[in-house]
Structure formats: C-alpha cells, structure tokens
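Listing of data18.txt; format and content: compact mmCIF, C-alpha atoms and all ligand atoms.
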```
# COMPACT_ATOMS: atom_id res chain seq x y z
CA MET A 6 58.94 -28.22 -56.00
CA ILE A 7 61.67 -30.40 -57.37
CA VAL A 8 61.68 -31.18 -61.04
CA ASN A 9 65.30 -32.10 -61.43
CA ALA A 10 67.18 -32.45 -58.20
CA ASP A 11 70.49 -31.00 -59.24
CA ALA A 12 71.95 -27.80 -57.85
CA LYS A 13 71.46 -25.89 -61.06
CA SER A 14 67.75 -26.58 -61.18
CA LEU A 15 67.27 -26.00 -57.45
CA GLU A 16 68.72 -22.57 -57.82
CA PHE A 17 66.07 -21.83 -60.42
CA GLU A 18 63.26 -23.61 -58.61
CA ASN A 19 63.82 -21.71 -55.39
CA ARG A 20 63.03 -18.57 -57.29
CA PHE A 21 59.42 -19.16 -58.16
CA VAL A 22 56.21 -20.07 -56.37
CA ILE A 23 53.43 -22.01 -58.04
CA ASP A 24 50.01 -20.44 -58.10
CA PRO A 25 47.64 -23.34 -57.37
CA LEU A 26 44.80 -21.72 -59.32
CA THR A 27 46.52 -20.84 -62.56
CA ASN A 28 49.46 -23.22 -62.21
CA CYS A 29 51.68 -20.27 -63.09
CA TRP A 30 55.19 -20.44 -61.75
CA ASN A 31 55.49 -16.89 -60.46
CA TRP A 32 59.02 -15.63 -60.41
CA ILE A 33 60.14 -14.20 -57.07
CA GLY A 34 63.77 -13.70 -58.08
CA PRO A 35 65.11 -10.52 -59.63
CA LYS A 36 62.74 -8.87 -62.06
CA HIS A 37 62.82 -6.33 -64.82
CA ARG A 38 60.46 -3.44 -64.53
CA GLN A 39 57.92 -4.94 -66.94
CA GLY A 40 57.51 -7.93 -64.61
CA TYR A 41 59.79 -10.34 -66.46
CA GLY A 42 62.13 -12.20 -64.18
CA TYR A 43 65.76 -12.74 -64.99
CA HIS A 44 68.10 -15.52 -64.12
CA LYS A 45 71.75 -15.89 -65.05
CA GLN A 46 71.62 -12.88 -67.34
CA MET A 47 68.68 -14.35 -69.21
CA MET A 48 65.02 -13.57 -69.04
CA ALA A 49 63.77 -16.16 -66.56
CA HIS A 50 61.01 -17.45 -68.84
CA ARG A 51 63.52 -17.84 -71.67
CA TYR A 52 65.81 -19.68 -69.30
CA SER A 53 62.94 -21.92 -68.26
CA TYR A 54 62.02 -22.75 -71.84
CA LYS A 55 65.60 -23.56 -72.70
CA TYR A 56 66.17 -25.57 -69.54
CA TYR A 57 62.95 -27.58 -69.37
CA LYS A 58 61.96 -27.77 -73.01
CA ASP A 59 64.50 -27.17 -75.69
CA ASP A 60 67.21 -24.89 -76.87
CA PHE A 61 66.03 -22.35 -79.38
CA ASN A 62 67.31 -19.80 -81.80
CA PRO A 63 68.05 -16.66 -79.75
CA THR A 64 66.18 -14.52 -82.26
CA MET A 65 62.96 -16.32 -81.34
CA CYS A 66 60.62 -14.93 -78.70
CA VAL A 67 59.38 -16.99 -75.80
CA CYS A 68 55.76 -15.94 -75.35
CA HIS A 69 53.29 -16.49 -72.52
CA LYS A 70 50.03 -18.34 -73.11
CA CYS A 71 48.93 -17.21 -69.67
CA ASP A 72 49.54 -13.50 -70.18
CA ASN A 73 51.59 -13.36 -66.98
CA PRO A 74 55.06 -11.92 -67.61
CA SER A 75 56.47 -13.24 -64.33
CA CYS A 76 55.39 -16.82 -65.05
CA VAL A 77 58.19 -19.29 -65.83
CA ASN A 78 56.10 -22.46 -66.18
CA PRO A 79 57.46 -24.08 -69.35
CA ASP A 80 53.97 -25.42 -70.11
CA HIS A 81 52.72 -21.84 -70.33
CA LEU A 82 55.42 -20.82 -72.77
CA PHE A 83 55.61 -21.09 -76.51
CA LEU A 84 58.10 -20.04 -79.12
CA GLY A 85 57.14 -17.31 -81.52
CA THR A 86 58.78 -14.90 -83.89
CA HIS A 87 59.15 -11.28 -82.88
CA LYS A 88 56.19 -10.54 -85.14
CA ASP A 89 54.00 -13.13 -83.37
CA ASN A 90 54.96 -11.63 -80.06
CA MET A 91 54.04 -8.11 -81.12
CA GLN A 92 50.71 -9.30 -82.52
CA ASP A 93 50.06 -11.21 -79.34
CA MET A 94 50.78 -8.13 -77.23
CA VAL A 95 48.54 -5.95 -79.36
CA LYS A 96 45.77 -8.52 -79.10
CA LYS A 97 46.06 -8.71 -75.32
CA ASN A 98 46.21 -4.95 -74.85
CA ARG A 99 42.98 -4.55 -76.73
CA CYS A 100 41.30 -6.13 -73.72
CA ASN A 101 38.76 -8.01 -75.78
CA LYS A 102 37.58 -10.43 -73.18
CA PRO A 103 34.97 -13.02 -74.06
CA ILE A 104 31.43 -11.97 -73.34
CA GLY A 105 29.55 -13.17 -70.31
CA ASP A 106 30.16 -14.03 -66.71
CA LYS A 107 31.03 -17.65 -67.37
CA HIS A 108 34.50 -16.69 -68.46
CA HIS A 109 36.88 -17.05 -65.54
CA ASN A 110 38.65 -13.78 -66.30
CA SER A 111 35.47 -11.76 -66.27
CA LYS A 112 35.38 -9.01 -63.68
CA VAL A 113 31.87 -8.06 -64.72
CA ASN A 114 28.55 -9.53 -63.61
CA PRO A 115 24.96 -8.57 -64.52
CA ASP A 116 24.65 -6.25 -61.50
CA ILE A 117 27.74 -4.36 -62.55
CA VAL A 118 26.41 -4.19 -66.11
CA ARG A 119 23.14 -2.63 -64.91
CA HIS A 120 25.02 -0.18 -62.74
CA ILE A 121 27.28 0.83 -65.62
CA ARG A 122 24.25 1.30 -67.90
CA LYS A 123 22.67 3.72 -65.44
CA LYS A 124 25.43 6.12 -66.50
CA GLU A 125 25.55 7.72 -63.08
CA MET A 126 29.25 8.29 -63.44
CA GLN A 127 31.76 8.96 -66.14
CA GLN A 128 33.04 5.95 -68.04
CA ARG A 129 36.46 6.57 -66.58
CA ALA A 130 35.07 6.42 -63.05
CA TYR A 131 33.27 3.14 -63.76
CA ALA A 132 36.43 1.73 -65.27
CA LYS A 133 38.38 2.64 -62.17
CA LEU A 134 35.71 1.36 -59.81
CA TYR A 135 35.51 -2.07 -61.39
CA GLY A 136 39.08 -2.37 -62.65
CA LEU A 137 38.04 -2.41 -66.31
CA CYS A 138 39.24 -0.71 -69.45
CA GLN A 139 37.26 2.40 -70.34
CA ARG A 140 36.58 0.73 -73.66
CA THR A 141 34.95 -2.20 -71.88
CA VAL A 142 32.66 0.23 -70.05
CA ALA A 143 31.76 1.97 -73.32
CA GLU A 144 30.99 -1.37 -74.98
CA ILE A 145 28.71 -2.34 -72.11
CA GLN A 146 26.85 0.98 -72.34
CA LYS A 147 26.47 0.67 -76.11
CA LYS A 148 25.25 -2.89 -75.54
CA LEU A 149 27.94 -4.26 -77.76
CA THR A 150 28.68 -6.69 -74.95
CA TRP A 151 26.45 -8.20 -72.30
CA LYS A 152 23.48 -7.91 -74.67
CA HIS A 153 21.74 -10.66 -72.76
CA VAL A 154 21.48 -8.59 -69.58
CA ALA A 155 18.17 -6.74 -69.24
CA ASP A 156 18.21 -3.23 -67.84
CA GLN A 157 15.93 -4.21 -64.98
CA PRO A 158 16.14 -7.62 -63.41
CA GLU A 159 12.83 -9.41 -63.93
CA ILE A 160 11.20 -10.30 -60.65
CA GLY A 161 11.74 -13.93 -59.91
CA SER A 162 14.33 -14.44 -62.61
CA GLU A 163 17.27 -13.03 -60.72
CA GLY A 164 20.14 -15.43 -60.66
CA ARG A 165 18.83 -17.32 -63.64
CA ASP A 166 20.91 -17.37 -66.75
CA GLN A 167 19.12 -15.52 -69.50
ZN ZN A 201 51.63 -19.00 -66.44
```
Please express what this file holds, its structure, as structure tokens.
Ligand SMILES: [Zn+2]
Amino acid sequence: MIVNADAKSLEFENRFVIDPLTNCWNWIGPKHRQGYGYHKQMMAHRYSYKYYKDDFNPTMCVCHKCDNPSCVNPDHLFLGTHKDNMQDMVKKNRCNKPIGDKHHNSKVNPDIVRHIRKKEMQQRAYAKLYGLCQRTVAEIQKKLTWKHVADQPEIGSEGRDQ
C-alpha cells in the first residue's frame, strides 16, 4: 500500500495492514496496552491524522469512527475535544447495539435469542457463551430487544423475517 512514495510515509505504511472488510488500517507496529499504536513518539492514529489530513491543536483528541483503537486509517478518524472523546467512549462501552440481525455487528440471531430466553443458564454464562455483554442478555430476556422474535419458531416460517 503506497499512498505517498517517500521514505517517511513508507516507514509508516509498512506498519499497518488493511482489513479488506472494514477497511481499517490495523497497526502492527509498537502498541500501547490499550491497543493504540505509536509511531515516532506519537500515537499512531494521531500521527496518521496529522500526516494524511491536517495538523491539529495538540489538545484535540483524534477519535475513531470505527471503534478500533489500532486503526490508523485517516478516513476513520475525526477530531474531537477531550469531552467528545469521553462521551464517545461512554457511549461505546454501554454496548447499545442496534436491534436486529440485519446490523453487521450483531452477534445475536433469533436462535440465540430463543436459547437465551429459555433461561437455562445464568445471564453471565450466556454472555460468555455468545460473547455478549450481560446487559445485552438481560435486555433480550426482558424483551427490551429482539421483540420481534417469537419464543417458538412457527412451523413453516423459519428463516422468514418477522
Ligand atoms: Zn478503522
């Protein structure tokens, strides 16, 4: 991947791989523990923003649209204030994913929903089994989410969107 064929950019570009699905530029160079890469004593995503987009006030945060701390794709980055960044993090940690299996991030499908609603296991165990937040499991059981999924699949309607 060559964006600008000078040595400085090559050094940066050799340190990420592009995920063909998400188009994230995943940093494979040195990383901080939280998953953020660093390059030339800068956070790699901040470096990327500065290098490919624009210089910015160092008090500004460079945030990820894609929720992937190791991504350095300038198109996935936006400038925010520290406050924006904190709000963004809070929002993402709340794991409020859109309802329904059409959303590409959804790890849940109607079969999983029915299984979770059988309450054969503790919420924590379901969460672990399906890689969900416990809160997500609770919401499914309370029918706050996935309301459209019937407890028993109707014969003949399986696979149909209802
Ligand atoms: Zn990304």
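Atom pair CA of Val113 (chain A) / CA of Gln39 (chain A): separated by 26.3 Å.
Residues in contact with ligand ZN 201 (chain A) (atom pairs separated by at most 6 Å; all atoms listed in the file) are A:Cys29, A:Cys71, A:Asn73, A:Cys76, A:Asn78, A:His81.
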For this session: Considering all atoms listed in the file, return as a ChimeraX atom specification whatever protein or nucleic-acid residues lie within 9 Å of region 57-63 of chain A, sequence-local ones (same chain, fewer than 4 positions apart) excluded.
Result: /A:52-53,79-80,84
Problem set entry | Contacts of region 131-133 of chain A within 12 Å, all atoms listed in the file, excl. fewer than 2 positions in-chain, as a PyMOL selection string | chain A and resi 112-113+117-129+135-146
For this session: Please measure the separation of CA of Ile33 (chain A) and CA of Met65 (chain A), giving the value in Å to one decimal.
Result: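 A separation of 24.5 Å between them.
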For this session: Excluding Gly34 (chain A) and residues on its chain fewer than 5 positions from it, collect all residues at most 9 Å away from it, counting all atoms listed in the file, and give them as a PyMOL selection string.
Result: chain A and resi 17+19-21+42-44+49
Quick one: region 18-48 of chain A with N, CA and C atoms, as a tab-separated table (two decimals), in the coordinates of the input?
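As written to disk, result19.tsv reads:
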```tsv
chain	number	residue	atom	x	y	z
A	18	GLU	N	64.55	-23.25	-59.21
A	18	GLU	CA	63.26	-23.61	-58.61
A	18	GLU	C	62.99	-22.93	-57.27
A	19	ASN	N	64.04	-22.47	-56.62
A	19	ASN	CA	63.82	-21.71	-55.39
A	19	ASN	C	63.37	-20.29	-55.69
A	20	ARG	N	63.33	-19.95	-56.95
A	20	ARG	CA	63.03	-18.57	-57.29
A	20	ARG	C	61.63	-18.40	-57.89
A	21	PHE	N	60.81	-19.40	-57.77
A	21	PHE	CA	59.42	-19.16	-58.16
A	21	PHE	C	58.47	-19.87	-57.20
A	22	VAL	N	57.25	-19.39	-57.14
A	22	VAL	CA	56.21	-20.07	-56.37
A	22	VAL	C	55.08	-20.41	-57.33
A	23	ILE	N	54.47	-21.56	-57.12
A	23	ILE	CA	53.43	-22.01	-58.04
A	23	ILE	C	52.07	-21.53	-57.55
A	24	ASP	N	51.37	-20.88	-58.41
A	24	ASP	CA	50.01	-20.44	-58.10
A	24	ASP	C	49.08	-21.64	-58.30
A	25	PRO	N	48.44	-22.12	-57.23
A	25	PRO	CA	47.64	-23.34	-57.37
A	25	PRO	C	46.42	-23.17	-58.29
A	26	LEU	N	45.97	-21.94	-58.48
A	26	LEU	CA	44.80	-21.72	-59.32
A	26	LEU	C	45.15	-21.74	-60.79
A	27	THR	N	46.18	-20.98	-61.14
A	27	THR	CA	46.52	-20.84	-62.56
A	27	THR	C	47.62	-21.81	-62.97
A	28	ASN	N	48.30	-22.38	-61.96
A	28	ASN	CA	49.46	-23.22	-62.21
A	28	ASN	C	50.64	-22.42	-62.77
A	29	CYS	N	50.56	-21.11	-62.67
A	29	CYS	CA	51.68	-20.27	-63.09
A	29	CYS	C	52.82	-20.42	-62.08
A	30	TRP	N	54.03	-20.44	-62.61
A	30	TRP	CA	55.19	-20.44	-61.75
A	30	TRP	C	55.64	-18.98	-61.63
A	31	ASN	N	55.22	-18.33	-60.58
A	31	ASN	CA	55.49	-16.89	-60.46
A	31	ASN	C	56.90	-16.63	-59.93
A	32	TRP	N	57.63	-15.91	-60.72
A	32	TRP	CA	59.02	-15.63	-60.41
A	32	TRP	C	59.13	-14.69	-59.22
A	33	ILE	N	59.94	-15.08	-58.22
A	33	ILE	CA	60.14	-14.20	-57.07
A	33	ILE	C	61.59	-13.74	-57.00
A	34	GLY	N	62.37	-14.15	-58.00
A	34	GLY	CA	63.77	-13.70	-58.08
A	34	GLY	C	63.81	-12.30	-58.67
A	35	PRO	N	65.00	-11.87	-59.06
A	35	PRO	CA	65.11	-10.52	-59.63
A	35	PRO	C	64.22	-10.33	-60.85
A	36	LYS	N	63.67	-9.14	-60.97
A	36	LYS	CA	62.74	-8.87	-62.06
A	36	LYS	C	63.07	-7.58	-62.78
A	37	HIS	N	62.78	-7.58	-64.06
A	37	HIS	CA	62.82	-6.33	-64.82
A	37	HIS	C	61.55	-5.55	-64.51
A	38	ARG	N	61.58	-4.31	-64.88
A	38	ARG	CA	60.46	-3.44	-64.53
A	38	ARG	C	59.14	-3.92	-65.12
A	39	GLN	N	59.17	-4.50	-66.31
A	39	GLN	CA	57.92	-4.94	-66.94
A	39	GLN	C	57.37	-6.21	-66.30
A	40	GLY	N	58.04	-6.74	-65.28
A	40	GLY	CA	57.51	-7.93	-64.61
A	40	GLY	C	58.20	-9.22	-65.04
A	41	TYR	N	59.08	-9.14	-66.04
A	41	TYR	CA	59.79	-10.34	-66.46
A	41	TYR	C	60.93	-10.60	-65.49
A	42	GLY	N	61.02	-11.85	-65.05
A	42	GLY	CA	62.13	-12.20	-64.18
A	42	GLY	C	63.40	-12.39	-64.97
A	43	TYR	N	64.53	-12.35	-64.30
A	43	TYR	CA	65.76	-12.74	-64.99
A	43	TYR	C	66.60	-13.64	-64.10
A	44	HIS	N	67.33	-14.48	-64.78
A	44	HIS	CA	68.10	-15.52	-64.12
A	44	HIS	C	69.34	-15.76	-64.97
A	45	LYS	N	70.48	-15.67	-64.34
A	45	LYS	CA	71.75	-15.89	-65.05
A	45	LYS	C	71.83	-15.07	-66.34
A	46	GLN	N	71.56	-13.79	-66.20
A	46	GLN	CA	71.62	-12.88	-67.34
A	46	GLN	C	70.69	-13.24	-68.50
A	47	MET	N	69.70	-14.03	-68.19
A	47	MET	CA	68.68	-14.35	-69.21
A	47	MET	C	67.33	-13.95	-68.65
A	48	MET	N	66.39	-13.72	-69.53
A	48	MET	CA	65.02	-13.57	-69.04
A	48	MET	C	64.64	-14.93	-68.44
```
